>>> print(open('work_30.cif').read())   # mmCIF, C-alpha atoms
data_entry
#
loop_
_atom_site.label_atom_id
_atom_site.label_comp_id
_atom_site.auth_asym_id
_atom_site.auth_seq_id
_atom_site.Cartn_x
_atom_site.Cartn_y
_atom_site.Cartn_z
CA GLU A 1 -3.00 -7.03 26.97
CA LYS A 2 -3.60 -7.17 30.73
CA VAL A 3 -3.10 -10.95 30.71
CA PHE A 4 -0.05 -11.30 28.45
CA PHE A 5 1.80 -7.97 28.50
CA ASP A 6 4.70 -7.34 30.88
CA PRO A 7 4.82 -3.52 31.26
CA VAL A 8 8.18 -3.55 33.05
CA ALA A 9 10.02 -5.51 30.32
CA SER A 10 7.75 -4.15 27.53
CA THR A 11 7.16 -7.60 26.10
CA PHE A 12 4.38 -10.10 25.46
CA SER A 13 6.86 -12.96 25.80
CA ARG A 14 6.07 -15.93 28.02
CA GLN A 15 8.51 -18.37 26.41
CA PRO A 16 11.13 -19.79 28.80
CA ASP A 17 13.63 -20.22 25.93
CA SER A 18 13.37 -16.57 24.88
CA GLY A 19 15.17 -15.32 27.99
CA PRO A 20 14.31 -12.36 30.25
CA TRP A 21 13.77 -10.07 27.28
CA GLY A 22 11.50 -9.69 24.29
CA SER A 23 10.63 -12.48 21.86
CA ASP A 24 10.50 -12.42 18.07
CA VAL A 25 7.43 -14.67 18.26
CA GLU A 26 4.96 -12.95 20.61
CA ASP A 27 6.20 -9.38 20.25
CA SER A 28 6.39 -9.31 16.47
CA TYR A 29 2.93 -10.86 16.15
CA ALA A 30 1.47 -8.35 18.61
CA LEU A 31 3.07 -5.50 16.66
CA PHE A 32 2.03 -6.96 13.31
CA THR A 33 -1.63 -7.43 14.29
CA GLY A 34 -1.97 -4.01 15.94
CA VAL A 35 -2.49 -5.32 19.46
CA VAL A 36 0.22 -3.01 20.83
CA PRO A 37 -1.07 0.54 21.56
CA ALA A 38 0.64 3.28 19.52
CA GLY A 39 2.39 4.72 22.56
CA ARG A 40 4.07 1.39 23.38
CA ARG A 41 5.12 0.19 19.93
CA ASP A 42 8.67 1.58 20.07
CA LYS A 43 9.33 0.09 23.52
CA VAL A 44 7.96 -3.33 22.56
CA TYR A 45 10.06 -3.31 19.39
CA ALA A 46 13.16 -2.30 21.37
CA SER A 47 12.57 -5.19 23.78
CA MET A 48 12.05 -7.63 20.93
CA ILE A 49 15.16 -6.63 19.01
CA ASP A 50 17.21 -6.71 22.22
CA GLY A 51 16.26 -10.37 22.60
CA VAL A 52 17.08 -11.09 18.97
CA ARG A 53 20.56 -9.63 19.39
CA LYS A 54 21.23 -11.39 22.69
CA ARG A 55 20.42 -14.73 21.04
CA GLY A 56 22.95 -13.99 18.29
CA HIS A 57 20.24 -13.47 15.63
CA THR A 58 19.09 -17.09 15.81
CA PRO A 59 15.42 -17.25 14.80
CA ILE A 60 12.86 -18.90 17.08
CA THR A 61 9.93 -18.18 14.77
CA GLY A 62 8.19 -20.78 12.63
CA LEU A 63 5.60 -21.15 9.89
CA ILE A 64 3.07 -18.71 11.37
CA THR A 65 5.35 -16.01 12.78
CA THR A 66 8.38 -15.80 10.46
CA GLY A 67 6.50 -13.65 7.93
CA PRO A 68 5.06 -11.18 10.48
CA PHE A 69 8.45 -11.05 12.23
CA LEU A 70 10.28 -10.01 9.04
CA GLN A 71 7.50 -7.57 8.15
CA THR A 72 7.86 -5.99 11.59
CA LEU A 73 11.59 -5.52 11.04
CA ALA A 74 10.80 -3.92 7.68
CA GLU A 75 8.18 -1.62 9.21
CA PHE A 76 10.76 -0.29 11.66
CA GLY A 77 13.35 0.06 8.88
CA ASP A 78 15.67 -2.45 10.50
CA ALA A 79 17.53 -3.80 7.49
CA ASP A 80 20.72 -4.66 9.39
CA ASP A 81 19.18 -6.99 11.98
CA ALA A 82 17.01 -8.60 9.30
CA TYR A 83 20.10 -9.30 7.21
CA GLU A 84 21.91 -10.82 10.21
CA LEU A 85 18.96 -13.17 10.72
CA MET A 86 18.58 -14.10 7.06
CA GLY A 87 22.27 -14.38 6.22
CA ARG A 88 23.87 -15.75 9.36
CA GLU A 89 26.17 -18.71 8.95
CA GLY A 90 25.75 -21.95 10.84
CA PHE A 91 23.06 -23.68 12.84
CA PRO A 92 20.25 -22.74 13.15
CA GLY A 93 19.01 -20.44 10.40
CA LEU A 94 17.65 -20.17 6.89
CA ARG A 95 21.03 -20.49 5.16
CA ASN A 96 21.82 -23.60 7.17
CA LEU A 97 18.40 -25.05 6.32
CA LEU A 98 18.87 -24.48 2.57
CA ARG A 99 22.33 -26.04 2.59
CA LEU A 100 21.14 -29.18 4.37
CA SER A 101 17.94 -29.49 2.36
CA PRO A 102 18.62 -28.09 -1.14
CA ASP A 103 16.08 -30.40 -2.78
CA GLY A 104 13.14 -29.53 -0.52
CA VAL A 105 11.87 -27.05 2.03
CA ALA A 106 12.29 -28.39 5.56
CA GLU A 107 9.80 -27.73 8.35
CA HIS A 108 12.26 -26.59 11.01
CA PHE A 109 14.95 -23.91 11.22
CA TYR A 110 16.48 -26.03 13.98
CA VAL A 111 17.93 -28.68 11.70
CA SER A 112 20.87 -30.48 13.30
CA PRO A 113 23.82 -30.86 10.91
CA SER A 114 24.63 -34.24 12.48
CA ASP A 115 21.09 -35.56 12.11
CA ALA A 116 19.61 -33.55 9.27
CA ARG A 117 17.36 -36.23 7.78
CA ASN A 118 15.63 -37.00 11.07
CA SER A 119 15.37 -33.47 12.49
CA MET A 120 14.02 -31.40 9.60
CA GLY A 121 10.44 -32.68 9.81
CA SER A 122 8.41 -32.31 6.63
CA ARG A 123 10.49 -31.85 3.48
CA CYS A 124 7.66 -30.23 1.56
CA HIS A 125 6.90 -27.26 3.78
CA ALA A 126 5.90 -24.64 1.22
CA GLY A 127 4.44 -22.41 3.92
CA LEU A 128 7.87 -21.81 5.40
CA THR A 129 9.16 -20.82 1.96
CA GLY A 130 6.42 -18.25 1.62
CA ALA A 131 7.23 -16.72 4.99
CA PRO A 132 10.82 -15.44 4.62
CA PHE A 133 11.27 -15.20 0.86
CA PRO A 134 9.03 -12.14 0.23
CA TRP A 135 11.61 -10.24 2.29
CA PHE A 136 14.00 -10.48 -0.66
CA TYR A 137 11.45 -9.05 -3.07
CA HIS A 138 9.54 -6.45 -1.05
CA VAL A 139 12.30 -5.30 1.33
CA LEU A 140 15.64 -5.67 -0.47
CA GLY A 141 13.99 -4.96 -3.83
CA GLY A 142 11.49 -2.58 -2.25
CA LEU A 143 8.63 -3.21 -4.69
CA ARG A 144 5.20 -2.67 -3.16
CA PRO A 145 1.85 -2.27 -4.94
CA ASP A 146 -0.43 0.71 -4.47
CA ASP A 147 -3.71 -0.53 -3.00
CA ASP A 148 -5.60 2.43 -4.49
CA GLN A 149 -4.31 1.71 -8.01
CA PRO A 150 -4.13 -2.07 -8.50
CA GLY A 151 -2.29 -3.57 -11.43
CA LEU A 152 0.96 -1.65 -10.78
CA LYS A 153 -0.04 1.42 -12.78
CA LYS A 154 1.38 3.16 -9.72
CA PHE A 155 3.70 1.42 -7.27
CA THR A 156 6.26 2.11 -4.56
CA LEU A 157 9.97 1.35 -4.66
CA ALA A 158 11.36 1.53 -1.12
CA PRO A 159 14.45 -0.69 -0.87
CA GLN A 160 16.08 -1.26 2.49
CA ILE A 161 19.87 -1.52 2.32
CA PRO A 162 21.75 -3.55 4.97
CA ALA A 163 25.22 -2.20 5.69
CA LYS A 164 26.88 -5.60 5.15
CA LEU A 165 25.20 -6.43 1.83
CA GLU A 166 27.00 -5.18 -1.28
CA SER A 167 24.15 -5.40 -3.78
CA ALA A 168 20.64 -6.69 -4.48
CA GLY A 169 18.07 -6.28 -7.22
CA ILE A 170 14.80 -7.48 -8.65
CA THR A 171 12.85 -7.30 -11.90
CA HIS A 172 9.11 -7.72 -12.30
CA GLU A 173 7.02 -8.03 -15.45
CA SER A 174 4.09 -5.69 -14.86
CA PRO A 175 1.17 -5.14 -17.29
CA TYR A 176 3.02 -2.03 -18.50
CA GLY A 177 6.49 -3.51 -18.89
CA THR A 178 9.52 -4.48 -16.81
CA ILE A 179 10.02 -2.85 -13.42
CA VAL A 180 13.67 -2.76 -12.30
CA SER A 181 14.91 -2.03 -8.78
CA ARG A 182 18.63 -2.72 -8.35
CA TRP A 183 21.14 -1.20 -5.91
CA SER A 184 24.79 -1.58 -4.98
CA GLN A 185 27.08 0.09 -2.47
CA LYS A 186 30.84 0.56 -2.60
CA ASP A 187 33.29 2.96 -0.97
CA GLY A 188 30.56 4.74 0.95
CA GLN A 189 28.41 5.42 -2.10
CA ILE A 190 25.08 3.89 -3.08
CA ALA A 191 23.98 3.50 -6.71
CA TYR A 192 20.34 2.68 -7.42
CA ASP A 193 19.08 1.69 -10.89
CA VAL A 194 15.34 2.10 -11.49
CA THR A 195 13.09 1.44 -14.47
CA VAL A 196 9.50 2.65 -14.41
CA PRO A 197 7.57 1.19 -17.39
CA PRO A 198 5.61 3.36 -19.86
CA ASN A 199 2.18 4.62 -18.72
CA SER A 200 3.01 3.98 -15.05
CA THR A 201 4.50 5.98 -12.17
CA ALA A 202 6.36 5.16 -8.97
CA ARG A 203 6.76 6.62 -5.51
CA VAL A 204 10.44 6.13 -4.64
CA ILE A 205 11.73 6.14 -1.06
CA LEU A 206 15.51 6.22 -0.62
CA PRO A 207 17.01 5.12 2.73
CA LYS A 208 20.03 6.69 4.45
CA ALA A 209 19.76 9.72 2.20
CA LYS A 210 19.64 13.54 2.17
CA ALA A 211 17.77 15.16 -0.71
CA GLU A 212 20.54 17.68 -1.42
CA GLN A 213 23.09 14.86 -1.78
CA VAL A 214 21.10 12.68 -4.20
CA ARG A 215 22.13 12.86 -7.86
CA VAL A 216 20.37 11.50 -10.93
CA ASP A 217 23.37 10.78 -13.12
CA GLU A 218 25.09 14.18 -12.78
CA THR A 219 21.97 16.24 -12.03
CA SER A 220 20.70 17.25 -8.60
CA LEU A 221 17.46 15.59 -7.54
CA ASP A 222 15.43 18.81 -7.54
CA LYS A 223 16.41 19.57 -11.15
CA ALA A 224 16.17 16.06 -12.60
CA ALA A 225 13.59 15.38 -15.30
CA GLY A 226 10.79 13.05 -14.23
CA VAL A 227 11.21 13.76 -10.50
CA SER A 228 8.52 15.61 -8.51
CA SER A 229 7.04 16.02 -5.00
CA ILE A 230 10.36 15.62 -3.15
CA ARG A 231 10.16 15.16 0.63
CA GLN A 232 12.74 14.63 3.37
CA ASP A 233 11.58 12.75 6.46
CA ASN A 234 13.69 11.10 9.20
CA GLY A 235 16.58 10.02 6.99
CA LEU A 236 14.34 9.03 4.07
CA VAL A 237 14.00 10.91 0.78
CA SER A 238 10.78 10.30 -1.15
CA PHE A 239 9.57 11.55 -4.51
CA ASP A 240 7.32 10.69 -7.44
CA LEU A 241 8.97 9.30 -10.55
CA ALA A 242 7.67 9.32 -14.12
CA ALA A 243 8.23 6.47 -16.56
CA GLY A 244 11.83 6.05 -17.65
CA ASN A 245 15.26 4.70 -16.73
CA TYR A 246 17.20 6.34 -13.89
CA VAL A 247 20.40 5.89 -11.91
CA PHE A 248 20.47 7.55 -8.48
CA HIS A 249 23.64 8.13 -6.45
CA TRP A 250 24.04 9.24 -2.84
CA PRO A 251 26.48 8.80 0.08
CA ALA A 252 25.67 5.97 2.47
CA ARG A 253 25.09 7.17 6.05
#
>>> encode(input="work_30.cif", output="structure tokens")
Amino acid sequence: EKVFFDPVASTFSRQPDSGPWGSDVEDSYALFTGVVPAGRRDKVYASMIDGVRKRGHTPITGLITTGPFLQTLAEFGDADDAYELMGREGFPGLRNLLRLSPDGVAEHFYVSPSDARNSMGSRCHAGLTGAPFPWFYHVLGGLRPDDDQPGLKKFTLAPQIPAKLESAGITHESPYGTIVSRWSQKDGQIAYDVTVPPNSTARVILPKAKAEQVRVDETSLDKAAGVSSIRQDNGLVSFDLAAGNYVFHWPAR
């Protein structure tokens, strides 16, 4: 920390191309690995995301740091900046990379549209695929295993909902049946469809929500069958959910 950390700028960045602000590479990896002391985490994250925004959400991460970078955004609940990075149009970026190389996974985000074949490096870079794509499943879909109860007998559903994305959803075939986590938002309202398979339970965490405003079909959350242990914490509503099919509704904030 004494060697690499800049206490004035609250960043571990030493990259000349990252600018006089935080870097998605060094800062996210320091946050991800626990190098940053607890009292400095918020400031380092603020410096990092300031740099991301000033660069117009163009990623400078690669094979090693793209995964930790996206996981850091998820840890801080930053769905909107993550979506800008993942969904931005044009060069460089993931969407640009997939359009120029639909038949293979290129090595570099910085693929030049005018010289795609010569600038994308390896065209069989499975490691880069594994870095950003779990974001779709574990962050937009929100499905996370419970380390104390392996095999998805108990799991967490904690979707993060970017303001600019209209809908997203996943299904997963667990040993107990199909898990469904699917949400949509329209006219200031969020609808969230959930299926918890038989003989399993879920801990559900709803973003941008107030417990008194959440409805299960037409029933208030505190009176809905299958719902227990409701908690409100910093804009998140969490509760345990028994096996069954549910549709939750609440106003987007």
>>> residues_near_point(input="work_30.cif", point="(11.6, -4.4, -5.1)", cutoff="9 Å", atoms="all atoms listed in the file", output="list in words")
Phe136, Tyr137, His138, Val139, Leu140, Gly141, Gly142, Leu143, Arg144, Thr156, Leu157, Ala158, Pro159, Gly169, Ile170, Thr171, His172, Ile179, Val180, Ser181 and Arg182 of chain A
>>> resolve_selection(input="work_30.cif", expression="the PyMOL selection byres ((chain A and resi 50) around 12)", output="number ranges by chain")
A: 9-11, 18-24, 27, 43-49, 51-57, 81
>>> residues_around(input="work_30.cif", residues="Phe155 of chain A", least_positions_apart="5", cutoff="8 Å", atoms="only C-alpha atoms", output="VMD selection string")
chain A and resid 143 to 146 201 to 203
>>> residues_around(input="work_30.cif", residues="Ala209 of chain A", least_positions_apart="2", cutoff="8 Å", atoms="only C-alpha atoms", output="list in words")
Leu206, Pro207, Ala211, Gln213, Val214, Gly235, Leu236, Val237, Trp250, Pro251, Ala252 and Arg253 of chain A
>>> atom_distance(input="work_30.cif", atom1="atom CA of Val194 of chain A", atom2="atom CA of Tyr246 of chain A")
5.2 Å
>>> closest_residue(input="work_30.cif", among="A:Thr72, A:Ser167, A:Ser13, A:Ser229", to="Ala191 of chain A", atoms="all atoms listed in the file")
A:Ser167
>>> atom_distance(input="work_30.cif", atom1="atom CA of Asn245 of chain A", atom2="atom CA of Thr195 of chain A")
4.5 Å
>>> atom_distance(input="work_30.cif", atom1="atom CA of Trp135 of chain A", atom2="atom CA of Gly151 of chain A")
20.6 Å
>>> resolve_selection(input="work_30.cif", expression="the PyMOL selection byres ((chain A and resi 86) around 10)", output="list in words")
His57, Thr58, Pro59, Leu70, Asp80, Asp81, Ala82, Tyr83, Glu84, Leu85, Gly87, Arg88, Glu89, Gly93, Leu94, Arg95, Pro132, Phe133, Trp135 and Phe136 of chain A
>>> residues_around(input="work_30.cif", residues="Val216 of chain A", least_positions_apart="5", cutoff="12 Å", atoms="all atoms listed in the file", output="PDB file with C-alpha atoms, in the coordinates of the input")
ATOM      1  CA  ILE A 190      25.080   3.890  -3.080  1.00  0.00           C
ATOM      2  CA  ALA A 191      23.980   3.500  -6.710  1.00  0.00           C
ATOM      3  CA  TYR A 192      20.340   2.680  -7.420  1.00  0.00           C
ATOM      4  CA  ASP A 193      19.080   1.690 -10.890  1.00  0.00           C
ATOM      5  CA  VAL A 194      15.340   2.100 -11.490  1.00  0.00           C
ATOM      6  CA  ALA A 211      17.770  15.160  -0.710  1.00  0.00           C
ATOM      7  CA  LEU A 221      17.460  15.590  -7.540  1.00  0.00           C
ATOM      8  CA  ASP A 222      15.430  18.810  -7.540  1.00  0.00           C
ATOM      9  CA  LYS A 223      16.410  19.570 -11.150  1.00  0.00           C
ATOM     10  CA  ALA A 224      16.170  16.060 -12.600  1.00  0.00           C
ATOM     11  CA  ALA A 225      13.590  15.380 -15.300  1.00  0.00           C
ATOM     12  CA  GLY A 226      10.790  13.050 -14.230  1.00  0.00           C
ATOM     13  CA  VAL A 227      11.210  13.760 -10.500  1.00  0.00           C
ATOM     14  CA  LEU A 241       8.970   9.300 -10.550  1.00  0.00           C
ATOM     15  CA  ASN A 245      15.260   4.700 -16.730  1.00  0.00           C
ATOM     16  CA  TYR A 246      17.200   6.340 -13.890  1.00  0.00           C
ATOM     17  CA  VAL A 247      20.400   5.890 -11.910  1.00  0.00           C
ATOM     18  CA  PHE A 248      20.470   7.550  -8.480  1.00  0.00           C
ATOM     19  CA  HIS A 249      23.640   8.130  -6.450  1.00  0.00           C
ATOM     20  CA  TRP A 250      24.040   9.240  -2.840  1.00  0.00           C
TER      21      TRP A 250
END
>>> residues_around(input="work_30.cif", residues="Val25 of chain A", least_positions_apart="6", cutoff="10 Å", atoms="only C-alpha atoms", output="list in words")
Phe12, Ser13, Arg14, Gln15, Ser18, Met48, Pro59, Ile60, Thr61, Gly62, Ile64, Thr65, Thr66, Pro68 and Phe69 of chain A
>>> resolve_selection(input="work_30.cif", expression="the PyMOL selection byres ((chain A and resi 174) around 10)", output="JSON, numbers by chain")
{"A": [151, 152, 153, 171, 172, 173, 175, 176, 177, 178, 179, 196, 197, 200]}
>>> write_last_selection(input="work_30.cif", atoms="C-alpha atoms", output="PDB file, keeping the file's coordinate frame")
ATOM      1  CA  GLY A 151      -2.290  -3.570 -11.430  1.00  0.00           C
ATOM      2  CA  LEU A 152       0.960  -1.650 -10.780  1.00  0.00           C
ATOM      3  CA  LYS A 153      -0.040   1.420 -12.780  1.00  0.00           C
ATOM      4  CA  THR A 171      12.850  -7.300 -11.900  1.00  0.00           C
ATOM      5  CA  HIS A 172       9.110  -7.720 -12.300  1.00  0.00           C
ATOM      6  CA  GLU A 173       7.020  -8.030 -15.450  1.00  0.00           C
ATOM      7  CA  PRO A 175       1.170  -5.140 -17.290  1.00  0.00           C
ATOM      8  CA  TYR A 176       3.020  -2.030 -18.500  1.00  0.00           C
ATOM      9  CA  GLY A 177       6.490  -3.510 -18.890  1.00  0.00           C
ATOM     10  CA  THR A 178       9.520  -4.480 -16.810  1.00  0.00           C
ATOM     11  CA  ILE A 179      10.020  -2.850 -13.420  1.00  0.00           C
ATOM     12  CA  VAL A 196       9.500   2.650 -14.410  1.00  0.00           C
ATOM     13  CA  PRO A 197       7.570   1.190 -17.390  1.00  0.00           C
ATOM     14  CA  SER A 200       3.010   3.980 -15.050  1.00  0.00           C
TER      15      SER A 200
END
>>> closest_residue(input="work_30.cif", among="A:Ala168, A:Val204, A:Pro162, A:Asn234", to="Ala79 of chain A", atoms="only C-alpha atoms")
A:Pro162
